[in-house]
>>> print(open('coords.pdb').read())   # PDB, C-alpha atoms and all ligand atoms
ATOM      1  CA  MET D   1      67.281 -31.019 103.148  1.00  0.00           C
ATOM      2  CA  LYS D   2      64.922 -31.023 100.181  1.00  0.00           C
ATOM      3  CA  LEU D   3      61.829 -33.102 100.798  1.00  0.00           C
ATOM      4  CA  VAL D   4      58.754 -34.056  98.852  1.00  0.00           C
ATOM      5  CA  LEU D   5      55.695 -34.940 100.880  1.00  0.00           C
ATOM      6  CA  LEU D   6      53.204 -37.295  99.251  1.00  0.00           C
ATOM      7  CA  GLY D   7      49.801 -38.174 100.616  1.00  0.00           C
ATOM      8  CA  ALA D   8      46.161 -37.929  99.643  1.00  0.00           C
ATOM      9  CA  ALA D   9      44.006 -35.065 100.856  1.00  0.00           C
ATOM     10  CA  GLY D  10      42.989 -35.886 104.414  1.00  0.00           C
ATOM     11  CA  SER D  11      46.076 -38.009 105.095  1.00  0.00           C
ATOM     12  CA  GLY D  12      47.420 -35.487 107.593  1.00  0.00           C
ATOM     13  CA  LYS D  13      50.463 -34.540 105.562  1.00  0.00           C
ATOM     14  CA  GLY D  14      49.930 -30.826 106.237  1.00  0.00           C
ATOM     15  CA  THR D  15      50.156 -31.423 109.980  1.00  0.00           C
ATOM     16  CA  LEU D  16      53.222 -33.577 109.484  1.00  0.00           C
ATOM     17  CA  ALA D  17      54.873 -30.837 107.418  1.00  0.00           C
ATOM     18  CA  LYS D  18      54.366 -28.321 110.231  1.00  0.00           C
ATOM     19  CA  LYS D  19      56.187 -30.605 112.686  1.00  0.00           C
ATOM     20  CA  ILE D  20      59.086 -31.064 110.277  1.00  0.00           C
ATOM     21  CA  THR D  21      59.302 -27.293 109.792  1.00  0.00           C
ATOM     22  CA  ARG D  22      59.345 -26.766 113.558  1.00  0.00           C
ATOM     23  CA  ASP D  23      62.135 -29.289 114.218  1.00  0.00           C
ATOM     24  CA  PHE D  24      64.278 -29.009 111.109  1.00  0.00           C
ATOM     25  CA  GLY D  25      63.873 -25.320 110.267  1.00  0.00           C
ATOM     26  CA  ILE D  26      62.919 -25.771 106.629  1.00  0.00           C
ATOM     27  CA  PRO D  27      59.798 -24.095 105.202  1.00  0.00           C
ATOM     28  CA  GLN D  28      56.711 -25.944 104.031  1.00  0.00           C
ATOM     29  CA  LEU D  29      55.998 -24.988 100.446  1.00  0.00           C
ATOM     30  CA  SER D  30      52.356 -25.740  99.874  1.00  0.00           C
ATOM     31  CA  MET D  31      51.265 -25.226  96.316  1.00  0.00           C
ATOM     32  CA  GLY D  32      47.927 -23.771  97.481  1.00  0.00           C
ATOM     33  CA  ASP D  33      49.671 -21.096  99.589  1.00  0.00           C
ATOM     34  CA  ILE D  34      52.165 -20.298  96.848  1.00  0.00           C
ATOM     35  CA  PHE D  35      49.353 -19.783  94.331  1.00  0.00           C
ATOM     36  CA  ARG D  36      47.457 -17.536  96.753  1.00  0.00           C
ATOM     37  CA  ASP D  37      50.576 -15.450  97.472  1.00  0.00           C
ATOM     38  CA  ILE D  38      51.615 -14.988  93.881  1.00  0.00           C
ATOM     39  CA  ALA D  39      48.050 -14.178  92.799  1.00  0.00           C
ATOM     40  CA  LYS D  40      48.049 -11.347  95.362  1.00  0.00           C
ATOM     41  CA  SER D  41      51.479 -10.077  94.211  1.00  0.00           C
ATOM     42  CA  GLY D  42      50.134  -8.608  90.980  1.00  0.00           C
ATOM     43  CA  SER D  43      53.154  -9.801  88.942  1.00  0.00           C
ATOM     44  CA  GLU D  44      52.612 -11.001  85.398  1.00  0.00           C
ATOM     45  CA  LEU D  45      52.824 -14.637  86.488  1.00  0.00           C
ATOM     46  CA  GLY D  46      50.550 -13.818  89.423  1.00  0.00           C
ATOM     47  CA  LEU D  47      47.868 -12.401  87.165  1.00  0.00           C
ATOM     48  CA  LEU D  48      47.990 -15.516  85.034  1.00  0.00           C
ATOM     49  CA  VAL D  49      47.577 -17.731  88.100  1.00  0.00           C
ATOM     50  CA  GLN D  50      44.738 -15.507  89.324  1.00  0.00           C
ATOM     51  CA  LYS D  51      42.974 -16.034  86.009  1.00  0.00           C
ATOM     52  CA  TYR D  52      43.139 -19.825  86.302  1.00  0.00           C
ATOM     53  CA  MET D  53      42.120 -19.821  89.950  1.00  0.00           C
ATOM     54  CA  SER D  54      39.119 -17.555  89.529  1.00  0.00           C
ATOM     55  CA  SER D  55      37.868 -19.592  86.591  1.00  0.00           C
ATOM     56  CA  GLY D  56      38.111 -22.723  88.738  1.00  0.00           C
ATOM     57  CA  ALA D  57      40.467 -24.343  86.216  1.00  0.00           C
ATOM     58  CA  LEU D  58      43.533 -26.303  87.235  1.00  0.00           C
ATOM     59  CA  VAL D  59      46.728 -24.335  86.825  1.00  0.00           C
ATOM     60  CA  PRO D  60      48.640 -26.086  83.997  1.00  0.00           C
ATOM     61  CA  ASP D  61      51.863 -27.960  84.829  1.00  0.00           C
ATOM     62  CA  GLN D  62      54.167 -25.543  83.061  1.00  0.00           C
ATOM     63  CA  THR D  63      52.727 -22.495  84.866  1.00  0.00           C
ATOM     64  CA  THR D  64      52.770 -24.311  88.200  1.00  0.00           C
ATOM     65  CA  PHE D  65      56.373 -25.134  87.606  1.00  0.00           C
ATOM     66  CA  GLU D  66      57.333 -21.536  86.734  1.00  0.00           C
ATOM     67  CA  VAL D  67      55.680 -20.358  89.944  1.00  0.00           C
ATOM     68  CA  LEU D  68      57.398 -23.012  92.032  1.00  0.00           C
ATOM     69  CA  LYS D  69      60.811 -22.351  90.499  1.00  0.00           C
ATOM     70  CA  GLU D  70      60.616 -18.726  91.633  1.00  0.00           C
ATOM     71  CA  ARG D  71      59.722 -19.845  95.125  1.00  0.00           C
ATOM     72  CA  LEU D  72      62.465 -22.503  95.433  1.00  0.00           C
ATOM     73  CA  PHE D  73      65.196 -19.939  95.003  1.00  0.00           C
ATOM     74  CA  GLN D  74      64.051 -17.488  97.643  1.00  0.00           C
ATOM     75  CA  ASP D  75      66.278 -16.922 100.685  1.00  0.00           C
ATOM     76  CA  ASP D  76      64.300 -19.008 103.175  1.00  0.00           C
ATOM     77  CA  CYS D  77      64.855 -22.102 101.012  1.00  0.00           C
ATOM     78  CA  LYS D  78      68.661 -22.085 101.291  1.00  0.00           C
ATOM     79  CA  LYS D  79      68.650 -24.901 103.879  1.00  0.00           C
ATOM     80  CA  GLY D  80      65.995 -26.808 101.972  1.00  0.00           C
ATOM     81  CA  TYR D  81      62.234 -27.126 101.969  1.00  0.00           C
ATOM     82  CA  ILE D  82      59.259 -29.439 102.153  1.00  0.00           C
ATOM     83  CA  LEU D  83      57.244 -29.605  98.957  1.00  0.00           C
ATOM     84  CA  ASP D  84      53.600 -30.239  99.696  1.00  0.00           C
ATOM     85  CA  GLY D  85      51.182 -30.638  96.802  1.00  0.00           C
ATOM     86  CA  PHE D  86      53.809 -30.844  94.085  1.00  0.00           C
ATOM     87  CA  PRO D  87      54.621 -33.070  92.283  1.00  0.00           C
ATOM     88  CA  ARG D  88      51.273 -34.865  92.051  1.00  0.00           C
ATOM     89  CA  THR D  89      52.021 -36.703  88.823  1.00  0.00           C
ATOM     90  CA  LEU D  90      54.960 -38.369  87.143  1.00  0.00           C
ATOM     91  CA  ASP D  91      55.106 -35.550  84.555  1.00  0.00           C
ATOM     92  CA  GLN D  92      55.389 -32.977  87.331  1.00  0.00           C
ATOM     93  CA  ALA D  93      58.124 -35.014  89.051  1.00  0.00           C
ATOM     94  CA  LYS D  94      60.111 -35.003  85.825  1.00  0.00           C
ATOM     95  CA  LEU D  95      59.707 -31.213  85.539  1.00  0.00           C
ATOM     96  CA  LEU D  96      60.945 -30.802  89.100  1.00  0.00           C
ATOM     97  CA  ALA D  97      63.945 -33.035  88.427  1.00  0.00           C
ATOM     98  CA  LYS D  98      65.064 -30.544  85.782  1.00  0.00           C
ATOM     99  CA  VAL D  99      65.836 -27.907  88.424  1.00  0.00           C
ATOM    100  CA  THR D 100      66.571 -29.824  91.585  1.00  0.00           C
ATOM    101  CA  ASP D 101      67.330 -33.211  93.078  1.00  0.00           C
ATOM    102  CA  VAL D 102      65.244 -33.940  96.139  1.00  0.00           C
ATOM    103  CA  ASP D 103      66.908 -35.754  99.050  1.00  0.00           C
ATOM    104  CA  ALA D 104      63.939 -37.783 100.215  1.00  0.00           C
ATOM    105  CA  VAL D 105      60.252 -38.409  99.703  1.00  0.00           C
ATOM    106  CA  VAL D 106      57.914 -39.046 102.615  1.00  0.00           C
ATOM    107  CA  SER D 107      54.729 -40.852 101.606  1.00  0.00           C
ATOM    108  CA  VAL D 108      51.867 -40.675 104.108  1.00  0.00           C
ATOM    109  CA  GLU D 109      49.435 -43.551 103.751  1.00  0.00           C
ATOM    110  CA  LEU D 110      45.946 -44.145 105.073  1.00  0.00           C
ATOM    111  CA  PRO D 111      43.181 -46.527 103.891  1.00  0.00           C
ATOM    112  CA  PHE D 112      40.675 -44.845 101.590  1.00  0.00           C
ATOM    113  CA  GLU D 113      37.660 -45.394 103.873  1.00  0.00           C
ATOM    114  CA  GLU D 114      39.480 -43.470 106.594  1.00  0.00           C
ATOM    115  CA  LEU D 115      40.441 -40.669 104.186  1.00  0.00           C
ATOM    116  CA  GLU D 116      36.821 -40.330 103.083  1.00  0.00           C
ATOM    117  CA  LYS D 117      35.687 -40.070 106.680  1.00  0.00           C
ATOM    118  CA  ARG D 118      38.223 -37.321 107.430  1.00  0.00           C
ATOM    119  CA  LEU D 119      37.476 -35.367 104.261  1.00  0.00           C
ATOM    120  CA  VAL D 120      33.695 -34.999 104.541  1.00  0.00           C
ATOM    121  CA  SER D 121      34.099 -33.201 107.866  1.00  0.00           C
ATOM    122  CA  ARG D 122      36.843 -30.885 106.629  1.00  0.00           C
ATOM    123  CA  ARG D 123      36.242 -27.122 106.395  1.00  0.00           C
ATOM    124  CA  ASN D 124      38.403 -24.381 104.833  1.00  0.00           C
ATOM    125  CA  CYS D 125      39.001 -20.709 105.507  1.00  0.00           C
ATOM    126  CA  PRO D 126      38.400 -18.689 102.315  1.00  0.00           C
ATOM    127  CA  ASN D 127      40.672 -15.909 103.612  1.00  0.00           C
ATOM    128  CA  CYS D 128      43.881 -17.497 104.948  1.00  0.00           C
ATOM    129  CA  GLY D 129      43.664 -21.110 103.788  1.00  0.00           C
ATOM    130  CA  GLU D 130      43.544 -22.592 107.297  1.00  0.00           C
ATOM    131  CA  ILE D 131      41.925 -26.042 107.437  1.00  0.00           C
ATOM    132  CA  ASP D 132      39.711 -27.210 110.280  1.00  0.00           C
ATOM    133  CA  ASN D 133      37.445 -30.195 110.877  1.00  0.00           C
ATOM    134  CA  THR D 134      33.951 -30.333 112.362  1.00  0.00           C
ATOM    135  CA  GLU D 135      35.114 -33.347 114.371  1.00  0.00           C
ATOM    136  CA  TYR D 136      37.941 -31.462 116.081  1.00  0.00           C
ATOM    137  CA  GLU D 137      37.631 -30.133 119.600  1.00  0.00           C
ATOM    138  CA  GLY D 138      36.646 -26.485 119.811  1.00  0.00           C
ATOM    139  CA  TYR D 139      35.262 -26.300 116.273  1.00  0.00           C
ATOM    140  CA  THR D 140      33.056 -23.203 115.940  1.00  0.00           C
ATOM    141  CA  GLY D 141      32.579 -22.804 112.203  1.00  0.00           C
ATOM    142  CA  LYS D 142      34.933 -19.815 112.220  1.00  0.00           C
ATOM    143  CA  CYS D 143      38.631 -19.749 111.325  1.00  0.00           C
ATOM    144  CA  ARG D 144      40.841 -20.185 114.406  1.00  0.00           C
ATOM    145  CA  LYS D 145      43.374 -17.757 112.942  1.00  0.00           C
ATOM    146  CA  CYS D 146      41.331 -14.958 111.376  1.00  0.00           C
ATOM    147  CA  GLN D 147      37.700 -15.569 112.466  1.00  0.00           C
ATOM    148  CA  THR D 148      36.368 -15.750 108.894  1.00  0.00           C
ATOM    149  CA  PRO D 149      33.405 -18.176 108.552  1.00  0.00           C
ATOM    150  CA  LEU D 150      34.609 -21.522 107.186  1.00  0.00           C
ATOM    151  CA  PHE D 151      33.158 -23.299 104.176  1.00  0.00           C
ATOM    152  CA  GLN D 152      33.175 -26.777 102.669  1.00  0.00           C
ATOM    153  CA  ARG D 153      35.034 -26.963  99.386  1.00  0.00           C
ATOM    154  CA  ASP D 154      33.026 -28.525  96.567  1.00  0.00           C
ATOM    155  CA  ASP D 155      35.697 -31.173  96.210  1.00  0.00           C
ATOM    156  CA  ASP D 156      35.303 -32.143  99.889  1.00  0.00           C
ATOM    157  CA  LYS D 157      31.696 -33.170  99.228  1.00  0.00           C
ATOM    158  CA  PRO D 158      31.152 -36.939  99.248  1.00  0.00           C
ATOM    159  CA  GLU D 159      30.506 -37.344  95.521  1.00  0.00           C
ATOM    160  CA  ALA D 160      33.722 -35.468  94.661  1.00  0.00           C
ATOM    161  CA  ILE D 161      35.897 -37.200  97.253  1.00  0.00           C
ATOM    162  CA  LYS D 162      35.706 -40.636  95.641  1.00  0.00           C
ATOM    163  CA  ALA D 163      36.732 -39.177  92.294  1.00  0.00           C
ATOM    164  CA  ARG D 164      39.678 -37.312  93.852  1.00  0.00           C
ATOM    165  CA  LEU D 165      40.929 -40.384  95.672  1.00  0.00           C
ATOM    166  CA  GLU D 166      40.732 -42.401  92.454  1.00  0.00           C
ATOM    167  CA  VAL D 167      42.907 -39.799  90.711  1.00  0.00           C
ATOM    168  CA  TYR D 168      45.351 -39.907  93.606  1.00  0.00           C
ATOM    169  CA  LYS D 169      45.540 -43.701  93.487  1.00  0.00           C
ATOM    170  CA  LYS D 170      46.220 -43.655  89.757  1.00  0.00           C
ATOM    171  CA  ASN D 171      49.106 -41.161  90.093  1.00  0.00           C
ATOM    172  CA  ILE D 172      50.811 -42.314  93.260  1.00  0.00           C
ATOM    173  CA  THR D 173      52.327 -45.595  92.050  1.00  0.00           C
ATOM    174  CA  PRO D 174      54.291 -44.072  89.131  1.00  0.00           C
ATOM    175  CA  LEU D 175      55.536 -41.345  91.494  1.00  0.00           C
ATOM    176  CA  ILE D 176      56.702 -43.842  94.105  1.00  0.00           C
ATOM    177  CA  ASN D 177      58.438 -45.838  91.400  1.00  0.00           C
ATOM    178  CA  PHE D 178      60.092 -42.700  90.015  1.00  0.00           C
ATOM    179  CA  TYR D 179      61.619 -41.784  93.394  1.00  0.00           C
ATOM    180  CA  GLY D 180      62.576 -45.399  94.158  1.00  0.00           C
ATOM    181  CA  ASP D 181      64.708 -45.837  97.269  1.00  0.00           C
ATOM    182  CA  LYS D 182      64.348 -42.180  98.270  1.00  0.00           C
ATOM    183  CA  VAL D 183      60.834 -42.976  99.467  1.00  0.00           C
ATOM    184  CA  PHE D 184      60.036 -43.397 103.152  1.00  0.00           C
ATOM    185  CA  THR D 185      56.498 -44.646 103.786  1.00  0.00           C
ATOM    186  CA  VAL D 186      54.572 -43.966 106.972  1.00  0.00           C
ATOM    187  CA  SER D 187      51.011 -44.763 108.087  1.00  0.00           C
ATOM    188  CA  SER D 188      48.945 -41.899 109.511  1.00  0.00           C
ATOM    189  CA  ALA D 189      46.366 -44.174 111.143  1.00  0.00           C
ATOM    190  CA  GLY D 190      47.558 -43.132 114.615  1.00  0.00           C
ATOM    191  CA  SER D 191      47.784 -39.682 116.186  1.00  0.00           C
ATOM    192  CA  PRO D 192      49.780 -36.897 114.488  1.00  0.00           C
ATOM    193  CA  ASP D 193      52.658 -37.478 116.958  1.00  0.00           C
ATOM    194  CA  GLU D 194      52.672 -41.222 116.290  1.00  0.00           C
ATOM    195  CA  THR D 195      52.849 -40.486 112.569  1.00  0.00           C
ATOM    196  CA  TYR D 196      55.673 -38.033 113.032  1.00  0.00           C
ATOM    197  CA  ARG D 197      57.949 -40.148 115.263  1.00  0.00           C
ATOM    198  CA  PRO D 198      59.340 -42.547 112.604  1.00  0.00           C
ATOM    199  CA  VAL D 199      59.576 -39.704 110.101  1.00  0.00           C
ATOM    200  CA  LYS D 200      61.659 -37.679 112.526  1.00  0.00           C
ATOM    201  CA  THR D 201      64.039 -40.590 113.096  1.00  0.00           C
ATOM    202  CA  PHE D 202      64.338 -41.070 109.343  1.00  0.00           C
ATOM    203  CA  LEU D 203      65.086 -37.373 108.741  1.00  0.00           C
ATOM    204  CA  GLU D 204      67.631 -37.221 111.560  1.00  0.00           C
ATOM    205  CA  LYS D 205      69.543 -40.084 109.967  1.00  0.00           C
ATOM    206  CA  LEU D 206      69.277 -38.395 106.584  1.00  0.00           C
ATOM    207  CA  GLY D 207      70.526 -35.080 107.986  1.00  0.00           C
ATOM    208  CA  ALA D 208      73.453 -36.769 109.719  1.00  0.00           C
ATOM    209  CA  LYS D 209      74.700 -38.305 106.490  1.00  0.00           C
TER
HETATM  210 ZN    ZN D 301      41.416 -17.746 108.250  1.00  0.00          ZN
END
>>> encode(input="coords.pdb", output="structure tokens", more="lines below")
Ligand SMILES: [Zn+2]
Amino acid sequence: MKLVLLGAAGSGKGTLAKKITRDFGIPQLSMGDIFRDIAKSGSELGLLVQKYMSSGALVPDQTTFEVLKERLFQDDCKKGYILDGFPRTLDQAKLLAKVTDVDAVVSVELPFEELEKRLVSRRNCPNCGEIDNTEYEGYTGKCRKCQTPLFQRDDDKPEAIKARLEVYKKNITPLINFYGDKVFTVSSAGSPDETYRPVKTFLEKLGAK
């Protein structure tokens, strides 16, 4: 089962992906994790990615795609995967379509005011990529996995959030149109389990086909 997960930052799509992985046994391929892994690998492509990341520049589409292509054909992806963070634009979706046909697209939706609220309290681990939130129970300012002190990404600061959400809004409609009737839309206004329930039903039907 090859899935694409769409949703703005703060929509809870990462949490949703983890539940899908748990129940359906397909890995979550998050572009952020893939970039971090390949940068550490020291390969030629990895060094290139490292260069973009350390300069703070966006990794260009073509490079992103080369990196992803390598990942999609690794052994753990034989049963499928969940793509999280790619494609973000129509151009990227067209690149992806050159190597694979996805089975379904799950689009996680939440009103922008709610996204903004969730994002300003978000904190990241610089070491392992874990995400936490100052509003969550048991928040200590340190990573729950590796104990590294957390930080707030520059693009999670209020002035940057509005700009990011505007970019998301501009790109999402062409993407939804591109995938057409493969798209399943779900609201993440409720709890993570409430968000997951209809998605699970949808995926079970899809898997049974
Ligand atoms: Zn950590």
>>> residues_near_ligand(input="coords.pdb", ligand="ligand ZN 301 (chain D)", cutoff="10 Å", atoms="all atoms listed in the file", output="mmCIF file with C-alpha atoms, in the frame of the given file")
data_model
loop_
_atom_site.group_PDB
_atom_site.id
_atom_site.type_symbol
_atom_site.label_atom_id
_atom_site.label_comp_id
_atom_site.auth_asym_id
_atom_site.auth_seq_id
_atom_site.Cartn_x
_atom_site.Cartn_y
_atom_site.Cartn_z
ATOM 1 C CA ASN D 124 38.403 -24.381 104.833
ATOM 2 C CA CYS D 125 39.001 -20.709 105.507
ATOM 3 C CA PRO D 126 38.400 -18.689 102.315
ATOM 4 C CA ASN D 127 40.672 -15.909 103.612
ATOM 5 C CA CYS D 128 43.881 -17.497 104.948
ATOM 6 C CA GLY D 129 43.664 -21.110 103.788
ATOM 7 C CA GLU D 130 43.544 -22.592 107.297
ATOM 8 C CA ILE D 131 41.925 -26.042 107.437
ATOM 9 C CA ASP D 132 39.711 -27.210 110.280
ATOM 10 C CA LYS D 142 34.933 -19.815 112.220
ATOM 11 C CA CYS D 143 38.631 -19.749 111.325
ATOM 12 C CA ARG D 144 40.841 -20.185 114.406
ATOM 13 C CA LYS D 145 43.374 -17.757 112.942
ATOM 14 C CA CYS D 146 41.331 -14.958 111.376
ATOM 15 C CA GLN D 147 37.700 -15.569 112.466
ATOM 16 C CA THR D 148 36.368 -15.750 108.894
ATOM 17 C CA PRO D 149 33.405 -18.176 108.552
ATOM 18 C CA LEU D 150 34.609 -21.522 107.186
#
>>> closest_residue(input="coords.pdb", among="D:Phe112, D:Tyr179, D:Phe24, D:Phe35", to="D:Leu48", atoms="only C-alpha atoms")
D:Phe35
>>> closest_residue(input="coords.pdb", among="D:Thr140, D:Gln152, D:Ser191, D:Asn177", to="D:Thr89", atoms="all atoms listed in the file")
D:Asn177
>>> resolve_selection(input="coords.pdb", expression="the PyMOL selection byres (((chain D and resi 166-171) around 8) and not hetatm)", output="number ranges by chain")
D: 8, 88-90, 162-165, 172-175
>>> closest_residue(input="coords.pdb", among="D:Val199, D:Asp33, D:Ile176, D:Glu116", to="D:Ala160", atoms="all atoms listed in the file")
D:Glu116
>>> resolve_selection(input="coords.pdb", expression="the PyMOL selection byres (((chain D and resi 15-22) around 8) and not hetatm)", output="PyMOL selection string")
chain D and resi 5+12-14+23-28+82+84+192+195-196+200
>>> atom_distance(input="coords.pdb", atom1="atom CA of D:Glu113", atom2="atom CA of D:Ser188")
13.1 Å
>>> closest_residue(input="coords.pdb", among="D:Val4, D:Leu29, D:Phe178, D:Leu115", to="D:Pro158", atoms="all atoms listed in the file")
D:Leu115
>>> resolve_selection(input="coords.pdb", expression="the PyMOL selection byres (((chain D and resi 68-75) around 10) and not hetatm)", output="list in words")
Leu29, Ser30, Met31, Ile34, Phe35, Ile38, Gln62, Thr63, Thr64, Phe65, Glu66, Val67, Asp76, Cys77, Lys78, Lys79, Gly80, Tyr81, Leu83, Phe86, Leu96, Val99 and Thr100 of chain D
>>> atom_distance(input="coords.pdb", atom1="atom CA of D:Lys98", atom2="atom CA of D:Gly207")
23.3 Å
>>> atom_distance(input="coords.pdb", atom1="atom CA of D:Leu3", atom2="atom CA of D:Ala104")
5.2 Å
>>> closest_residue(input="coords.pdb", among="D:Gly141, D:Val186, D:Val105, D:Glu114", to="D:Met1", atoms="all atoms listed in the file")
D:Val105
>>> build_atoms(input="coords.pdb", residues="stretch 62-81 of chain D", atoms="N, CA and C atoms", output="PDB file, keeping the file's coordinate frame")
ATOM      1  N   GLN D  62      53.056 -26.429  83.374  1.00  0.00           N
ATOM      2  CA  GLN D  62      54.167 -25.543  83.061  1.00  0.00           C
ATOM      3  C   GLN D  62      54.102 -24.257  83.895  1.00  0.00           C
ATOM      4  N   THR D  63      52.895 -23.710  84.064  1.00  0.00           N
ATOM      5  CA  THR D  63      52.727 -22.495  84.866  1.00  0.00           C
ATOM      6  C   THR D  63      53.025 -22.787  86.337  1.00  0.00           C
ATOM      7  N   THR D  64      52.516 -23.900  86.826  1.00  0.00           N
ATOM      8  CA  THR D  64      52.770 -24.311  88.200  1.00  0.00           C
ATOM      9  C   THR D  64      54.262 -24.378  88.451  1.00  0.00           C
ATOM     10  N   PHE D  65      54.946 -24.952  87.494  1.00  0.00           N
ATOM     11  CA  PHE D  65      56.373 -25.134  87.606  1.00  0.00           C
ATOM     12  C   PHE D  65      57.130 -23.802  87.614  1.00  0.00           C
ATOM     13  N   GLU D  66      56.709 -22.868  86.757  1.00  0.00           N
ATOM     14  CA  GLU D  66      57.333 -21.536  86.734  1.00  0.00           C
ATOM     15  C   GLU D  66      57.181 -20.846  88.091  1.00  0.00           C
ATOM     16  N   VAL D  67      55.978 -20.970  88.654  1.00  0.00           N
ATOM     17  CA  VAL D  67      55.680 -20.358  89.944  1.00  0.00           C
ATOM     18  C   VAL D  67      56.562 -20.977  91.026  1.00  0.00           C
ATOM     19  N   LEU D  68      56.646 -22.292  91.019  1.00  0.00           N
ATOM     20  CA  LEU D  68      57.398 -23.012  92.032  1.00  0.00           C
ATOM     21  C   LEU D  68      58.892 -22.702  91.938  1.00  0.00           C
ATOM     22  N   LYS D  69      59.388 -22.613  90.722  1.00  0.00           N
ATOM     23  CA  LYS D  69      60.811 -22.351  90.499  1.00  0.00           C
ATOM     24  C   LYS D  69      61.216 -21.025  91.158  1.00  0.00           C
ATOM     25  N   GLU D  70      60.361 -20.015  91.001  1.00  0.00           N
ATOM     26  CA  GLU D  70      60.616 -18.726  91.633  1.00  0.00           C
ATOM     27  C   GLU D  70      60.718 -18.880  93.151  1.00  0.00           C
ATOM     28  N   ARG D  71      59.803 -19.676  93.675  1.00  0.00           N
ATOM     29  CA  ARG D  71      59.722 -19.845  95.125  1.00  0.00           C
ATOM     30  C   ARG D  71      60.930 -20.616  95.684  1.00  0.00           C
ATOM     31  N   LEU D  72      61.381 -21.627  94.948  1.00  0.00           N
ATOM     32  CA  LEU D  72      62.465 -22.503  95.433  1.00  0.00           C
ATOM     33  C   LEU D  72      63.785 -21.766  95.612  1.00  0.00           C
ATOM     34  N   PHE D  73      63.922 -20.634  94.920  1.00  0.00           N
ATOM     35  CA  PHE D  73      65.196 -19.939  95.003  1.00  0.00           C
ATOM     36  C   PHE D  73      65.143 -18.689  95.880  1.00  0.00           C
ATOM     37  N   GLN D  74      64.096 -18.582  96.672  1.00  0.00           N
ATOM     38  CA  GLN D  74      64.051 -17.488  97.643  1.00  0.00           C
ATOM     39  C   GLN D  74      64.928 -17.839  98.854  1.00  0.00           C
ATOM     40  N   ASP D  75      65.290 -16.777  99.608  1.00  0.00           N
ATOM     41  CA  ASP D  75      66.278 -16.922 100.685  1.00  0.00           C
ATOM     42  C   ASP D  75      65.940 -17.981 101.730  1.00  0.00           C
ATOM     43  N   ASP D  76      64.659 -18.081 102.095  1.00  0.00           N
ATOM     44  CA  ASP D  76      64.300 -19.008 103.175  1.00  0.00           C
ATOM     45  C   ASP D  76      64.448 -20.470 102.764  1.00  0.00           C
ATOM     46  N   CYS D  77      64.723 -20.721 101.477  1.00  0.00           N
ATOM     47  CA  CYS D  77      64.855 -22.102 101.012  1.00  0.00           C
ATOM     48  C   CYS D  77      66.314 -22.561 100.927  1.00  0.00           C
ATOM     49  N   LYS D  78      67.237 -21.739 101.423  1.00  0.00           N
ATOM     50  CA  LYS D  78      68.661 -22.085 101.291  1.00  0.00           C
ATOM     51  C   LYS D  78      69.020 -23.391 101.989  1.00  0.00           C
ATOM     52  N   LYS D  79      68.371 -23.655 103.148  1.00  0.00           N
ATOM     53  CA  LYS D  79      68.650 -24.901 103.879  1.00  0.00           C
ATOM     54  C   LYS D  79      67.819 -26.077 103.371  1.00  0.00           C
ATOM     55  N   GLY D  80      66.867 -25.769 102.491  1.00  0.00           N
ATOM     56  CA  GLY D  80      65.995 -26.808 101.972  1.00  0.00           C
ATOM     57  C   GLY D  80      64.542 -26.433 102.130  1.00  0.00           C
ATOM     58  N   TYR D  81      63.668 -27.390 101.908  1.00  0.00           N
ATOM     59  CA  TYR D  81      62.234 -27.126 101.969  1.00  0.00           C
ATOM     60  C   TYR D  81      61.459 -28.434 101.956  1.00  0.00           C
TER      61      TYR D  81
END
